[in-house]
Amino acid sequence: MIDLNLLTEAVGDLDEEKLLGLLNDFVATNPSEEEAQAVVNACQQGMAKVGDLFESGEYFVGDLIFAGELLTQSIDILKPVIGSASGSKIGKIVIGTVEGDLHDIGKNIFRSMAEAAGFEVFDLGIDVKPSAFIEKAREVNPDIIGLSGVLTLALESMKKTVDEFKAAGERDKVKVIIGGNPVTQEASNQIGADAFTTNAAEGVKICQSWVS
Ligand code: B12
């Protein structure tokens, strides 16, 4: 099994060669889905280190951009072992990163895992306005709306989105799950979501429980 601490360190240090080497070796061992999820978590912890180093002034915006590219590349390598969907679809999810937030790595990881679990996922991308979520919901009748965001201000956009669903008479037709680094139980209550998570695999389990 891959050394998860080494992996977290490689992400935090932005050591591309080491990181991609570790991941390619890992994928070649034909790992289980659980092992792949542990690897995603280790990468996520590495990104938290990148965030801390940015906050303390050691890393700059260029480093954040590079970290983003590095993690996107890492997830591409991991995709074949994260799981694959078989058979019919178990439910529909509309997801997007909320208005004002451009971070999409976490959303993309959740999307891959949800698709692997058999969900049909409609991904609206980044900086998604509440009206765009509502429009898509009316078009495809999803079971679940997934709101992603990592900026503190994303919490306000999530609340605005849920409020607009209520005003449009669409809120009771869907379950709402929010995800991303700043979400908490308290934030979830204020936003009016049905669930929250900072872990994509857990998010998928919650969604599965809603459609089973
Ligand atoms: C990479 C990065 C960037 C990249 C993003 C690239 C991309 N394509 O996403 C770029 C360079 C674009 C960027 C820009 C900025 N960033 Co930035 N960024 C980060 C960093 C280092 C990592 C984020 C990340 O990808 N984490 C890894 C993923 C895997 O974790 P995650 O998002 O939490 O996702 C997991 C779960 O939460 C869950 N999940 C996520 N979404 C969803 C949705 C659903 C439905 C479910 C169920 C689950 C789920 O699944 C994932 C896997 O388990 C963070 C540091 C941090 N601690 O997060 C800062 C951070 C978020 N950025 C920050 C800042 C300040 C900025 C900028 C303002 C910088 C600037 N001066 O320009 C801009 C803002 C741009 C904007 N308007 O959004 C701050 C935010 C501070 C705050 N409190 O709001 C942070 C926290 C860094 C810091 N410590 O200061 N950033």
# chains A, B, ... in the order shown; residues from 1 in each chain; ligands from 1
>>> residues_near_ligand(ligand="ligand 1", cutoff="7 Å", atoms="only C-alpha atoms and all ligand atoms", output="PyMOL selection string")
chain A and resi 40-41+44+47-52+54-55+61-62+64-65+67-69+95+100-107+109-110+146-153+177-181+196-201+203-204
>>> closest_atom_pairs(of="range 110-156 of chain A", to="range 70-84 of chain A", cutoff="10 Å", atoms="only C-alpha atoms", output="Markdown table")
| residue | atom | partner | partner_atom | distance |
| --- | --- | --- | --- | --- |
| A:Ser112 | CA | A:Lys79 | CA | 7.2 |
| A:Met113 | CA | A:Ile82 | CA | 6.6 |
| A:Ala114 | CA | A:Gly83 | CA | 9.4 |
| A:Glu115 | CA | A:Ser84 | CA | 7.4 |
| A:Ala116 | CA | A:Ser84 | CA | 4.2 |
| A:Ala117 | CA | A:Ser84 | CA | 7.0 |
| A:Gly118 | CA | A:Ser84 | CA | 7.9 |
>>> write_last_selection(atoms="C-alpha atoms", output="PDB file, in the first residue's frame")
ATOM      1  CA  SER A 112     -16.465  11.229 -10.385  1.00  0.00           C
ATOM      2  CA  MET A 113     -17.375   9.272  -7.264  1.00  0.00           C
ATOM      3  CA  ALA A 114     -21.108   9.902  -7.661  1.00  0.00           C
ATOM      4  CA  GLU A 115     -20.978   8.788 -11.304  1.00  0.00           C
ATOM      5  CA  ALA A 116     -19.021   5.706 -10.271  1.00  0.00           C
ATOM      6  CA  ALA A 117     -21.785   4.934  -7.755  1.00  0.00           C
ATOM      7  CA  GLY A 118     -24.373   5.009 -10.563  1.00  0.00           C
TER       8      GLY A 118
END
>>> select_by_dssp(residues="range 53-209 of chain A", states="alpha helix (DSSP H)", output="NGL selection string")
:A and (53-55 or 61-82 or 105-116 or 130-140 or 152-167 or 185-191 or 200-209)
>>> closest_residue(among="A:Cys43, A:Glu186, A:Glu33, A:Glu17", to="Asn5 in chain A", atoms="only C-alpha atoms")
A:Cys43
>>> residues_around(residues="range 168-172 of chain A", least_positions_apart="5", cutoff="10 Å", atoms="only C-alpha atoms", output="list in words")
Ser131, Ile134, Ala137, Arg138, Asn141, Ile145, Thr161, Val162, Asp163, Gly192 and Ala193 of chain A
>>> write_last_selection(atoms="N, CA and C atoms", output="PDB file, in the first residue's frame")
ATOM      1  N   SER A 131     -30.175  31.029 -10.143  1.00  0.00           N
ATOM      2  CA  SER A 131     -31.166  30.841 -11.214  1.00  0.00           C
ATOM      3  C   SER A 131     -30.775  29.705 -12.158  1.00  0.00           C
ATOM      4  N   ILE A 134     -31.764  26.453 -10.554  1.00  0.00           N
ATOM      5  CA  ILE A 134     -33.221  26.267 -10.602  1.00  0.00           C
ATOM      6  C   ILE A 134     -33.663  25.861 -12.024  1.00  0.00           C
ATOM      7  N   ALA A 137     -32.759  22.309 -12.591  1.00  0.00           N
ATOM      8  CA  ALA A 137     -33.614  21.419 -11.798  1.00  0.00           C
ATOM      9  C   ALA A 137     -34.973  21.259 -12.486  1.00  0.00           C
ATOM     10  N   ARG A 138     -35.497  22.354 -13.015  1.00  0.00           N
ATOM     11  CA  ARG A 138     -36.804  22.274 -13.700  1.00  0.00           C
ATOM     12  C   ARG A 138     -36.697  21.433 -14.969  1.00  0.00           C
ATOM     13  N   ASN A 141     -35.396  17.440 -13.433  1.00  0.00           N
ATOM     14  CA  ASN A 141     -36.029  16.830 -12.245  1.00  0.00           C
ATOM     15  C   ASN A 141     -35.077  15.976 -11.413  1.00  0.00           C
ATOM     16  N   ILE A 145     -29.643  18.189  -5.212  1.00  0.00           N
ATOM     17  CA  ILE A 145     -28.836  19.323  -5.663  1.00  0.00           C
ATOM     18  C   ILE A 145     -27.568  19.334  -4.812  1.00  0.00           C
ATOM     19  N   THR A 161     -28.810  30.417  -2.781  1.00  0.00           N
ATOM     20  CA  THR A 161     -29.318  29.413  -3.728  1.00  0.00           C
ATOM     21  C   THR A 161     -30.516  28.666  -3.123  1.00  0.00           C
ATOM     22  N   VAL A 162     -30.355  28.224  -1.868  1.00  0.00           N
ATOM     23  CA  VAL A 162     -31.455  27.484  -1.227  1.00  0.00           C
ATOM     24  C   VAL A 162     -32.673  28.401  -1.056  1.00  0.00           C
ATOM     25  N   ASP A 163     -32.433  29.663  -0.668  1.00  0.00           N
ATOM     26  CA  ASP A 163     -33.547  30.617  -0.510  1.00  0.00           C
ATOM     27  C   ASP A 163     -34.297  30.799  -1.827  1.00  0.00           C
ATOM     28  N   GLY A 192     -29.947  25.895   5.295  1.00  0.00           N
ATOM     29  CA  GLY A 192     -31.189  25.158   5.038  1.00  0.00           C
ATOM     30  C   GLY A 192     -30.953  23.945   4.143  1.00  0.00           C
ATOM     31  N   ALA A 193     -29.720  23.380   4.232  1.00  0.00           N
ATOM     32  CA  ALA A 193     -29.421  22.164   3.458  1.00  0.00           C
ATOM     33  C   ALA A 193     -29.917  20.946   4.232  1.00  0.00           C
TER      34      ALA A 193
END
>>> atom_distance(atom1="CA of Val11 in chain A", atom2="CA of Thr29 in chain A")
20.7 Å
>>> select_by_dssp(residues="chain A", states="strand (DSSP E or B)", output="PyMOL selection string")
chain A and resi 91-98+119-123+128+144-148+175-179+195-197
>>> closest_residue(among="A:Ala42, A:Ala28, A:Val211, A:Val176", to="Val94 in chain A", atoms="only C-alpha atoms")
A:Val176
